[in-house]
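Trainee: As input, take coords_32.txt (compact mmCIF, C-alpha atoms):
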# COMPACT_ATOMS: atom_id res chain seq x y z
CA MET Q 1252 39.39 115.03 81.46
CA ARG Q 1253 38.95 115.00 77.69
CA ARG Q 1254 39.96 118.17 75.88
CA ILE Q 1255 37.98 119.83 73.10
CA PHE Q 1256 38.82 122.68 70.77
CA SER Q 1257 36.43 124.69 68.65
CA GLY Q 1258 36.47 128.10 67.07
CA ILE Q 1259 34.48 130.67 65.21
CA LYS Q 1260 35.66 132.74 62.25
CA PRO Q 1261 35.15 136.54 62.34
CA THR Q 1262 34.01 136.90 58.74
CA GLY Q 1263 30.64 138.41 59.63
CA HIS Q 1264 28.31 139.20 62.48
CA LEU Q 1265 27.33 136.10 64.46
CA THR Q 1266 23.91 134.72 63.64
CA LEU Q 1267 21.13 132.74 65.23
CA GLY Q 1268 22.51 129.79 63.27
CA ASN Q 1269 25.92 130.18 64.92
CA TYR Q 1270 24.28 130.33 68.34
CA LEU Q 1271 21.88 127.38 68.00
CA GLY Q 1272 24.29 125.33 65.88
CA ALA Q 1273 27.42 125.69 68.00
CA VAL Q 1274 27.70 128.33 70.72
CA ARG Q 1275 24.79 127.11 72.84
CA GLN Q 1276 26.35 123.63 72.91
CA TRP Q 1277 29.62 125.17 74.09
CA VAL Q 1278 27.84 127.09 76.84
CA GLU Q 1279 25.41 124.48 78.08
CA VAL Q 1280 27.46 121.30 77.66
CA ASP Q 1281 31.08 121.47 76.56
CA GLN Q 1282 32.51 123.95 79.05
CA HIS Q 1283 31.05 121.87 81.90
CA GLN Q 1284 32.13 118.43 80.72
CA ALA Q 1285 35.60 118.93 79.23
CA ASP Q 1286 38.76 120.98 79.32
CA ALA Q 1287 37.43 123.26 76.61
CA LEU Q 1288 39.20 125.86 74.47
CA PHE Q 1289 37.18 128.24 72.33
CA SER Q 1290 38.94 130.57 69.92
CA VAL Q 1291 38.10 133.44 67.62
CA ILE Q 1292 40.06 132.05 64.67
CA ASP Q 1293 40.92 135.37 63.07
CA LEU Q 1294 43.80 134.12 60.92
CA HIS Q 1295 41.28 132.11 58.89
CA ALA Q 1296 39.53 135.35 57.95
CA LEU Q 1297 42.59 136.36 55.91
CA THR Q 1298 42.19 133.66 53.24
CA VAL Q 1299 39.96 135.96 51.17
CA ASP Q 1300 39.89 139.68 50.46
CA HIS Q 1301 39.11 141.57 53.68
CA GLU Q 1302 39.19 144.96 55.36
CA PRO Q 1303 41.70 144.96 58.26
CA ALA Q 1304 39.61 147.25 60.46
CA ARG Q 1305 36.54 145.07 59.94
CA VAL Q 1306 38.40 141.89 60.89
CA ARG Q 1307 39.57 143.55 64.12
CA ARG Q 1308 36.09 144.84 64.90
CA LEU Q 1309 34.38 141.52 64.19
CA SER Q 1310 37.01 139.60 66.16
CA ARG Q 1311 36.35 141.65 69.26
CA GLN Q 1312 32.60 141.48 68.74
CA ALA Q 1313 32.74 137.69 68.39
CA ALA Q 1314 34.79 137.31 71.56
CA THR Q 1315 32.40 139.58 73.46
CA LEU Q 1316 29.38 137.67 72.19
CA LEU Q 1317 30.88 134.34 73.25
CA LEU Q 1318 31.17 135.71 76.77
CA ALA Q 1319 27.71 137.28 76.58
CA ALA Q 1320 26.25 133.92 75.53
CA GLY Q 1321 27.57 132.35 78.71
CA LEU Q 1322 31.11 131.06 78.27
CA GLU Q 1323 32.75 131.38 81.69
CA PRO Q 1324 36.50 132.07 81.84
CA ALA Q 1325 36.67 130.13 85.10
CA ARG Q 1326 35.40 127.02 83.29
CA CYS Q 1327 36.95 127.29 79.82
CA THR Q 1328 39.65 129.09 77.83
CA VAL Q 1329 38.51 131.89 75.52
CA PHE Q 1330 41.15 133.49 73.31
CA VAL Q 1331 42.00 134.94 69.92
CA GLN Q 1332 43.95 132.64 67.61
CA SER Q 1333 46.50 135.20 66.41
CA HIS Q 1334 47.49 135.95 70.02
CA VAL Q 1335 49.07 132.49 70.26
CA ASP Q 1336 52.06 132.09 67.93
CA GLU Q 1337 52.05 128.29 68.23
CA HIS Q 1338 49.22 128.09 65.70
CA THR Q 1339 51.33 129.47 62.86
CA ARG Q 1340 54.51 127.73 64.05
CA LEU Q 1341 52.82 124.34 63.83
CA SER Q 1342 50.90 125.14 60.66
CA TYR Q 1343 54.09 125.15 58.56
CA LEU Q 1344 55.17 121.74 59.86
CA LEU Q 1345 51.77 120.36 58.90
CA GLU Q 1346 52.03 121.93 55.44
CA CYS Q 1347 55.26 119.95 55.17
CA THR Q 1348 53.37 116.81 56.19
CA ALA Q 1349 50.36 117.25 53.90
CA THR Q 1350 50.28 116.74 50.14
CA ASP Q 1351 49.13 119.05 47.38
CA GLY Q 1352 46.47 116.54 46.37
CA GLU Q 1353 44.99 116.40 49.87
CA MET Q 1354 44.60 120.16 49.98
CA ARG Q 1355 43.05 120.40 46.54
CA ARG Q 1356 40.49 117.73 47.38
CA MET Q 1357 39.00 119.85 50.17
CA ILE Q 1358 35.40 120.63 49.19
CA GLN Q 1359 35.47 124.12 50.69
CA TYR Q 1360 38.58 124.98 48.66
CA LYS Q 1361 36.88 123.83 45.47
CA GLU Q 1362 33.72 125.82 46.18
CA LYS Q 1363 35.37 129.01 47.44
CA SER Q 1364 38.04 129.11 44.74
CA ALA Q 1365 35.37 128.60 42.07
CA ARG Q 1366 33.38 131.54 43.46
CA GLU Q 1367 36.48 133.74 43.49
CA ARG Q 1368 37.33 132.89 39.89
CA ALA Q 1369 33.71 133.39 38.79
CA THR Q 1370 33.80 136.97 40.05
CA GLY Q 1371 37.15 137.67 38.44
CA GLY Q 1372 39.07 137.53 41.70
CA SER Q 1373 42.36 135.82 42.42
CA VAL Q 1374 42.62 132.81 44.73
CA ARG Q 1375 45.00 133.27 47.64
CA LEU Q 1376 47.44 130.49 48.42
CA SER Q 1377 46.21 130.56 52.02
CA LEU Q 1378 42.78 129.40 50.84
CA LEU Q 1379 44.46 126.20 49.65
CA THR Q 1380 46.66 125.69 52.71
CA TYR Q 1381 44.37 126.82 55.52
CA PRO Q 1382 43.33 123.24 56.40
CA ALA Q 1383 46.90 122.85 57.69
CA LEU Q 1384 46.32 125.84 59.97
CA MET Q 1385 43.02 124.36 61.10
CA ALA Q 1386 44.84 121.11 61.87
CA ALA Q 1387 47.41 123.08 63.86
CA ASP Q 1388 44.62 124.75 65.83
CA ILE Q 1389 43.48 121.32 66.97
CA LEU Q 1390 46.71 119.35 67.31
CA ALA Q 1391 48.60 122.02 69.25
CA TYR Q 1392 46.32 121.45 72.22
CA GLY Q 1393 46.11 117.69 72.18
CA ALA Q 1394 42.37 117.96 71.63
CA HIS Q 1395 40.47 114.68 71.79
CA GLU Q 1396 37.26 116.00 70.25
CA VAL Q 1397 36.32 118.75 67.82
CA PRO Q 1398 32.62 119.75 67.73
CA VAL Q 1399 31.87 120.60 64.11
CA GLY Q 1400 29.07 120.82 61.60
CA ASP Q 1401 28.82 118.61 58.54
CA ASP Q 1402 30.77 121.10 56.40
CA GLN Q 1403 33.87 120.80 58.59
CA VAL Q 1404 34.05 117.03 59.08
CA GLN Q 1405 36.36 116.64 56.06
CA HIS Q 1406 38.87 119.04 57.65
CA VAL Q 1407 38.93 117.08 60.90
CA GLU Q 1408 39.48 113.88 58.92
CA LEU Q 1409 42.48 115.54 57.25
CA THR Q 1410 43.72 116.58 60.70
CA ARG Q 1411 43.52 112.95 61.81
CA ASP Q 1412 45.45 111.82 58.73
CA LEU Q 1413 48.18 114.39 59.31
CA ALA Q 1414 48.50 113.48 62.98
CA VAL Q 1415 48.83 109.79 62.21
CA ARG Q 1416 51.34 110.41 59.40
CA PHE Q 1417 53.45 112.73 61.54
CA ASN Q 1418 53.45 110.26 64.44
CA GLN Q 1419 54.49 107.40 62.14
CA ARG Q 1420 57.33 109.38 60.53
CA TYR Q 1421 58.76 111.22 63.50
CA GLY Q 1422 57.53 109.48 66.63
CA ARG Q 1423 54.36 109.91 68.63
CA THR Q 1424 53.78 113.65 69.06
CA PHE Q 1425 50.09 114.37 68.52
CA THR Q 1426 46.82 113.15 69.96
CA VAL Q 1427 44.61 111.93 67.09
CA PRO Q 1428 41.31 113.81 67.45
CA LYS Q 1429 37.84 112.92 66.29
CA ALA Q 1430 35.00 115.03 64.96
CA VAL Q 1431 31.83 115.01 67.04
CA ARG Q 1432 28.38 116.21 66.11
CA PRO Q 1433 26.91 118.21 69.01
CA ALA Q 1434 23.93 116.38 70.47
CA VAL Q 1435 21.84 119.51 71.04
CA ALA Q 1436 22.83 121.49 67.95
CA ALA Q 1437 20.15 122.82 65.63
CA ARG Q 1438 20.42 123.47 61.91
CA VAL Q 1439 19.08 126.92 61.05
CA MET Q 1440 18.42 127.82 57.44
CA ASP Q 1441 18.16 131.21 55.73
CA LEU Q 1442 14.67 132.66 56.19
CA GLN Q 1443 14.57 133.78 52.55
CA ASP Q 1444 16.17 130.62 51.17
CA PRO Q 1445 15.30 127.70 53.47
CA THR Q 1446 17.43 125.32 51.41
CA SER Q 1447 20.63 127.21 52.37
CA LYS Q 1448 22.29 127.48 55.76
CA MET Q 1449 21.97 130.78 57.61
CA GLY Q 1450 25.51 132.07 57.09
CA LYS Q 1451 27.21 135.12 58.56
CA SER Q 1452 29.14 135.83 55.33
CA HIS Q 1453 26.15 135.97 52.96
CA ALA Q 1454 25.73 139.14 50.91
CA GLU Q 1455 21.93 139.05 51.21
CA THR Q 1456 20.93 139.64 54.84
CA ALA Q 1457 17.12 139.75 54.76
CA GLY Q 1458 16.91 136.08 55.77
CA ILE Q 1459 19.60 136.18 58.44
CA VAL Q 1460 18.90 136.83 62.12
CA TYR Q 1461 21.96 138.33 63.77
CA LEU Q 1462 22.53 137.98 67.51
CA LEU Q 1463 22.66 141.76 67.87
CA ASP Q 1464 19.55 142.51 65.81
CA GLU Q 1465 17.00 144.64 67.65
CA ALA Q 1466 13.81 142.84 68.67
CA GLU Q 1467 11.69 144.55 66.01
CA VAL Q 1468 14.23 143.71 63.32
CA VAL Q 1469 14.10 140.05 64.36
CA ARG Q 1470 10.31 140.06 64.25
CA LYS Q 1471 10.25 141.67 60.82
CA LYS Q 1472 12.69 139.14 59.37
CA VAL Q 1473 10.81 136.15 60.78
CA MET Q 1474 7.38 137.47 59.75
CA ARG Q 1475 8.70 137.92 56.19
CA ALA Q 1476 10.16 134.41 56.06
CA VAL Q 1477 9.54 132.42 52.89
CA THR Q 1478 7.03 129.63 53.45
CA ASP Q 1479 5.64 127.14 50.97
CA SER Q 1480 2.73 126.61 48.61
CA GLY Q 1481 -0.43 125.48 50.34
CA THR Q 1482 -1.66 126.39 53.80
CA ASP Q 1483 -1.15 123.25 55.89
CA VAL Q 1484 1.42 123.43 58.66
CA THR Q 1485 3.28 120.13 58.57
CA TYR Q 1486 6.86 119.19 59.34
CA ASN Q 1487 8.47 117.94 56.14
CA ARG Q 1488 11.87 119.23 55.07
CA GLU Q 1489 11.48 117.91 51.53
CA THR Q 1490 8.06 119.30 50.62
CA GLN Q 1491 7.83 122.27 53.03
CA PRO Q 1492 11.36 123.51 53.74
CA GLY Q 1493 10.21 127.01 54.75
CA VAL Q 1494 7.70 125.78 57.31
CA ALA Q 1495 10.12 123.11 58.52
CA ASN Q 1496 12.75 125.78 59.12
CA LEU Q 1497 10.36 127.85 61.23
CA LEU Q 1498 9.29 124.79 63.21
CA GLU Q 1499 12.89 123.82 63.87
CA MET Q 1500 13.74 127.33 65.00
CA LEU Q 1501 10.74 127.36 67.34
CA ALA Q 1502 11.64 123.92 68.66
CA ALA Q 1503 15.25 124.93 69.27
CA CYS Q 1504 14.17 128.03 71.17
CA THR Q 1505 11.47 126.36 73.28
CA GLY Q 1506 12.73 122.80 73.72
CA GLY Q 1507 9.84 121.28 71.78
CA LYS Q 1508 9.78 118.87 68.85
CA PRO Q 1509 9.07 120.21 65.35
CA ALA Q 1510 6.53 117.56 64.37
CA GLU Q 1511 4.61 117.95 67.61
CA LEU Q 1512 4.65 121.74 67.40
CA ALA Q 1513 3.22 121.57 63.87
CA GLU Q 1514 0.05 119.97 65.21
CA GLY Q 1515 -0.77 123.16 67.12
CA TYR Q 1516 -0.96 125.39 64.05
CA THR Q 1517 -3.46 125.80 61.25
CA ALA Q 1518 -1.94 128.93 59.66
CA TYR Q 1519 1.52 130.22 58.78
CA GLY Q 1520 0.92 133.60 60.43
CA ALA Q 1521 0.53 132.23 63.92
CA LEU Q 1522 3.60 130.02 63.50
CA LYS Q 1523 5.67 133.00 62.36
CA LYS Q 1524 4.50 135.16 65.27
CA ASP Q 1525 5.31 132.51 67.88
CA THR Q 1526 8.69 131.81 66.28
CA ALA Q 1527 9.56 135.50 66.21
CA ASP Q 1528 8.58 135.90 69.88
CA ALA Q 1529 10.63 132.85 70.87
CA VAL Q 1530 13.73 134.06 69.04
CA VAL Q 1531 13.45 137.53 70.56
CA GLU Q 1532 13.21 136.09 74.07
CA LEU Q 1533 16.10 133.69 73.45
CA LEU Q 1534 18.41 136.49 72.32
CA ARG Q 1535 17.30 139.14 74.81
CA PRO Q 1536 19.73 138.14 77.62
CA VAL Q 1537 22.60 137.74 75.15
CA ARG Q 1538 22.08 141.25 73.79
CA ARG Q 1539 21.75 142.68 77.31
CA ARG Q 1540 24.95 141.02 78.52
CA HIS Q 1541 26.78 142.08 75.34
CA ALA Q 1542 25.88 145.71 76.09
CA GLU Q 1543 27.21 145.32 79.64
CA LEU Q 1544 30.50 143.86 78.41
CA CYS Q 1545 30.93 146.59 75.80
CA ALA Q 1546 30.68 149.09 78.65
CA ASP Q 1547 33.57 147.30 80.40
CA PRO Q 1548 36.18 146.70 77.67
CA GLY Q 1549 38.91 146.13 80.23
CA TYR Q 1550 37.18 142.96 81.40
CA VAL Q 1551 37.08 141.52 77.88
CA ASP Q 1552 40.73 142.44 77.33
CA GLY Q 1553 41.65 140.66 80.56
CA VAL Q 1554 39.75 137.52 79.63
CA LEU Q 1555 41.43 137.35 76.21
CA ARG Q 1556 44.87 138.05 77.64
CA GLU Q 1557 44.54 135.34 80.30
CA GLY Q 1558 43.01 132.97 77.77
CA ALA Q 1559 45.92 133.46 75.37
CA GLU Q 1560 48.44 132.90 78.20
CA ARG Q 1561 46.81 129.62 79.17
CA ALA Q 1562 46.45 128.51 75.53
CA ARG Q 1563 50.10 129.33 74.91
CA GLY Q 1564 51.16 127.32 77.94
CA LEU Q 1565 49.20 124.31 76.72
CA ALA Q 1566 50.35 124.50 73.10
CA ARG Q 1567 54.02 125.35 73.41
CA PRO Q 1568 55.30 122.00 74.76
CA THR Q 1569 53.55 120.09 71.97
CA VAL Q 1570 54.76 122.44 69.24
CA ASP Q 1571 58.31 122.47 70.62
CA ALA Q 1572 58.24 118.66 70.63
CA ALA Q 1573 57.08 118.65 67.00
CA TYR Q 1574 59.93 121.00 66.01
CA ALA Q 1575 62.44 118.70 67.69
CA ALA Q 1576 60.85 115.60 66.15
CA VAL Q 1577 61.29 116.83 62.56
CA GLY Q 1578 64.96 117.65 63.16
CA LEU Q 1579 64.98 121.40 63.79
CA MET Q 1580 67.64 122.71 66.15
CA ARG Q 1581 66.55 124.04 69.50
CA PRO Q 1582 67.36 127.74 70.05
CA ALA Q 1583 70.64 128.32 71.88
Would you mind writing the file's structure down as structure tokens?
Mentor:
Amino acid sequence: MRRIFSGIKPTGHLTLGNYLGAVRQWVEVDQHQADALFSVIDLHALTVDHEPARVRRLSRQAATLLLAAGLEPARCTVFVQSHVDEHTRLSYLLECTATDGEMRRMIQYKEKSARERATGGSVRLSLLTYPALMAADILAYGAHEVPVGDDQVQHVELTRDLAVRFNQRYGRTFTVPKAVRPAVAARVMDLQDPTSKMGKSHAETAGIVYLLDEAEVVRKKVMRAVTDSGTDVTYNRETQPGVANLLEMLAACTGGKPAELAEGYTAYGALKKDTADAVVELLRPVRRRHAELCADPGYVDGVLREGAERARGLARPTVDAAYAAVGLMRPA
């Protein structure tokens, strides 16, 4: 069976965009068709200034939400990245395989470092080197496929390059993975800025639907969504990005097609109401299950502990082999 690895970073509360763009694919498809590992990649949250207590809180919340969304421990492996030491062990070897130029060419490094400097902040070295850690996340498990969005494809390509280079220099050690675009994923944009992705780390939250938002909060955010000039409801991302975003959200929630759904509306208000209702109903069981899991913290702890044990067992032989391949002595 093919193996896949994917993860989610605890840098903010999970959003509707996270769910429709990634998590639903994991739940409905990936955990049933592959040996799948899903991780809360908490070490990646340390590349920028952060509050330790918030990282811990968001890491647990993310893990609980993944289970609430429908990931089944009997079918897949759910764990927290920092609970498996092999990630950081392998990361250093891959830093020794990568070049400075490769790291500095990463688009996310360029964008994030520019934002840090613009606000007078300092850029952490880990922001430059974290693609090596991301590569370690993937290569440690011999993953064949990595479901990612467009913004992460470059990192998977770097992972492929590092795997090939390591194998050529030191002997075949790693499976060379490929990035895959989830077939059922939906792109969800910010309700107040429909040209930007709905992101969990954004400072402005009025256009972001969080998975744990109360129903009335969801409705209020959707009803206040930015639309476009004119009154016609048509599906065109270029000329009507606001309306297109609502249609895509409605389609993702109901299984329809945006262009076909547009034909049933003559006013923005009705479209907003139906979209709000659909989102509320989609998230209702997730919120209910999340509340149940929060009332049983021992269950979540057990899932994460068993997940880390299995992940460790899968990763250790590969990482040990990599250490031997580069010439490091085995412990006595």
Trainee: Report, in Å with one decimal, the straight-line distance from CA of Val1469 (chain Q) to CA of Ser1447 (chain Q).
Mentor: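 Distance reported for this atom pair: 18.7 Å.
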Trainee: Within 12 Å of Asp1336 (chain Q), counting only C-alpha atoms, which residues show up once you throw out same-chain ones fewer than 2 positions away? Write them as a ChimeraX atom specification, please.
Mentor: /Q:1294,1331-1334,1338-1343,1384,1387-1388,1391,1559-1560,1562-1564,1566-1567,1570-1571
Trainee: May I have the protein, DNA and RNA residues with any atom at most 8 Å from the point (39.4, 128.3, 79.1), counting only C-alpha atoms, written as a ChimeraX atom specification?
Mentor: /Q:1286-1289,1323-1330,1558,1561-1562
Trainee: Distance CA of Lys1508 (chain Q)-CA of Val1399 (chain Q), one decimal place?
Mentor: 22.7 Å
Trainee: Give me, as a PyMOL selection string, all polymer residues having an atom no more than 7 Å from region 1472-1481 of chain Q, counting all atoms listed in the file and skipping those fewer than 2 positions away in the same chain.
Mentor: chain Q and resi 1442-1443+1457-1458+1468-1470+1483+1491+1493-1494+1523-1524+1527
Trainee: Taking all listed atoms of region 1528-1540 of chain Q, build the axis-aligned box, pad each of the six sides by 6 Å, then write its centre and edge lengths in Å to one decimal as JSON.
Mentor:
{"center_x": 16.8, "center_y": 137.8, "center_z": 73.8, "size_x": 28.4, "size_y": 21.8, "size_z": 21.5}
Trainee: For the atom pair CA of His1295 (chain Q) and CA of Tyr1461 (chain Q), what is the interatomic distance in Å to one decimal place?
Mentor: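 Computing the Euclidean distance for CA of His1295 (chain Q) and CA of Tyr1461 (chain Q) yields 20.9 Å.
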Trainee: If you count all atoms listed in the file, which residues fall within 9 Å of region 1344-1346 of chain Q, apart from same-chain ones fewer than 4 positions away, as a PyMOL selection string?
Mentor: chain Q and resi 1340+1350+1380+1382-1384+1386-1387+1413-1414+1417+1573-1574+1577
Trainee: Kindly save the residues from that selection, with C-alpha atoms included, as a CSV table (one decimal), in the frame of the given file.
Mentor:
chain,number,residue,atom,x,y,z
Q,1340,ARG,CA,54.5,127.7,64.0
Q,1350,THR,CA,50.3,116.7,50.1
Q,1380,THR,CA,46.7,125.7,52.7
Q,1382,PRO,CA,43.3,123.2,56.4
Q,1383,ALA,CA,46.9,122.8,57.7
Q,1384,LEU,CA,46.3,125.8,60.0
Q,1386,ALA,CA,44.8,121.1,61.9
Q,1387,ALA,CA,47.4,123.1,63.9
Q,1413,LEU,CA,48.2,114.4,59.3
Q,1414,ALA,CA,48.5,113.5,63.0
Q,1417,PHE,CA,53.4,112.7,61.5
Q,1573,ALA,CA,57.1,118.6,67.0
Q,1574,TYR,CA,59.9,121.0,66.0
Q,1577,VAL,CA,61.3,116.8,62.6
Trainee: From the options Q:Gln1405, Q:Thr1526, Q:Asn1269, Q:Ser1257, which residue's atoms come nearest to Gln1282 (chain Q), counting all atoms listed in the file?
Mentor: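 The shortest atom-to-atom distance to Gln1282 (chain Q) comes from Q:Ser1257.
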Trainee: Check the smallest atom-to-atom distance from each of Q:Glu1557, Q:Glu1353, Q:Asp1464, Q:Asp1552 to Val1530 (chain Q) using all atoms listed in the file, then report the winner.
Mentor: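 Ranked by minimum distance to Val1530 (chain Q), first place goes to Q:Asp1464.
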Trainee: Mind checking which residues fall within 9 Å of region 1362-1379 of chain Q, counting all atoms listed in the file, ignoring those fewer than 4 positions away in the same chain, and posting them as a PyMOL selection string?
Mentor: chain Q and resi 1295+1297-1300+1351+1354-1355+1357-1358
Trainee: Could you name the residues that touch Ala1495 (chain Q) at 7 Å or less, counting only C-alpha atoms, but leaving out those on the same chain fewer than 6 positions away, as a list in words?
Mentor: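 Counting only the stated atoms, we get Tyr1486, Asn1487 and Arg1488 of chain Q.
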Trainee: Q:Arg1423, Q:Arg1253, Q:Arg1438, Q:His1264: which is nearest Ala1314 (chain Q), counting all atoms listed in the file?
Mentor: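 Smallest separation from Ala1314 (chain Q) among the options: Q:His1264.
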Trainee: So which one's closest to Thr1266 (chain Q), Q:Arg1254, Q:Arg1581, Q:Arg1539, Q:Lys1451? Using all atoms listed in the file, please.
Mentor: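 Counting all atoms listed in the file, the residue closest to Thr1266 (chain Q) is Q:Lys1451.
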Trainee: Between Q:Pro1303, Q:Pro1433, Q:Pro1548, Q:Pro1445, which has the minimum distance to Leu1497 (chain Q) (counting all atoms listed in the file)?
Mentor: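 Result for the nearest residue to Leu1497 (chain Q): Q:Pro1445.
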Trainee: Using all atoms listed in the file, pick whichever of Q:Val1407, Q:Ala1296, Q:Ala1319, Q:Val1460 has the shortest atom-to-atom distance to Lys1448 (chain Q).
Mentor: Q:Val1460
Trainee: Kindly write region 1472-1484 of chain Q with C-alpha atoms to a file, as a PDB file, in the first residue's frame.
Mentor:
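Writing done, so here's result_18.pdb:
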ATOM      1  CA  LYS Q1472     -19.442  36.394   8.920  1.00  0.00           C
ATOM      2  CA  VAL Q1473     -20.950  34.904   5.763  1.00  0.00           C
ATOM      3  CA  MET Q1474     -23.785  37.443   5.593  1.00  0.00           C
ATOM      4  CA  ARG Q1475     -21.206  40.255   5.840  1.00  0.00           C
ATOM      5  CA  ALA Q1476     -19.020  38.777   3.107  1.00  0.00           C
ATOM      6  CA  VAL Q1477     -17.686  41.187   0.499  1.00  0.00           C
ATOM      7  CA  THR Q1478     -19.412  40.743  -2.849  1.00  0.00           C
ATOM      8  CA  ASP Q1479     -18.918  42.662  -6.065  1.00  0.00           C
ATOM      9  CA  SER Q1480     -20.275  45.629  -7.988  1.00  0.00           C
ATOM     10  CA  GLY Q1481     -23.487  44.886  -9.832  1.00  0.00           C
ATOM     11  CA  THR Q1482     -26.290  42.545  -8.816  1.00  0.00           C
ATOM     12  CA  ASP Q1483     -25.982  39.557 -11.158  1.00  0.00           C
ATOM     13  CA  VAL Q1484     -25.007  36.255  -9.602  1.00  0.00           C
TER      14      VAL Q1484
END
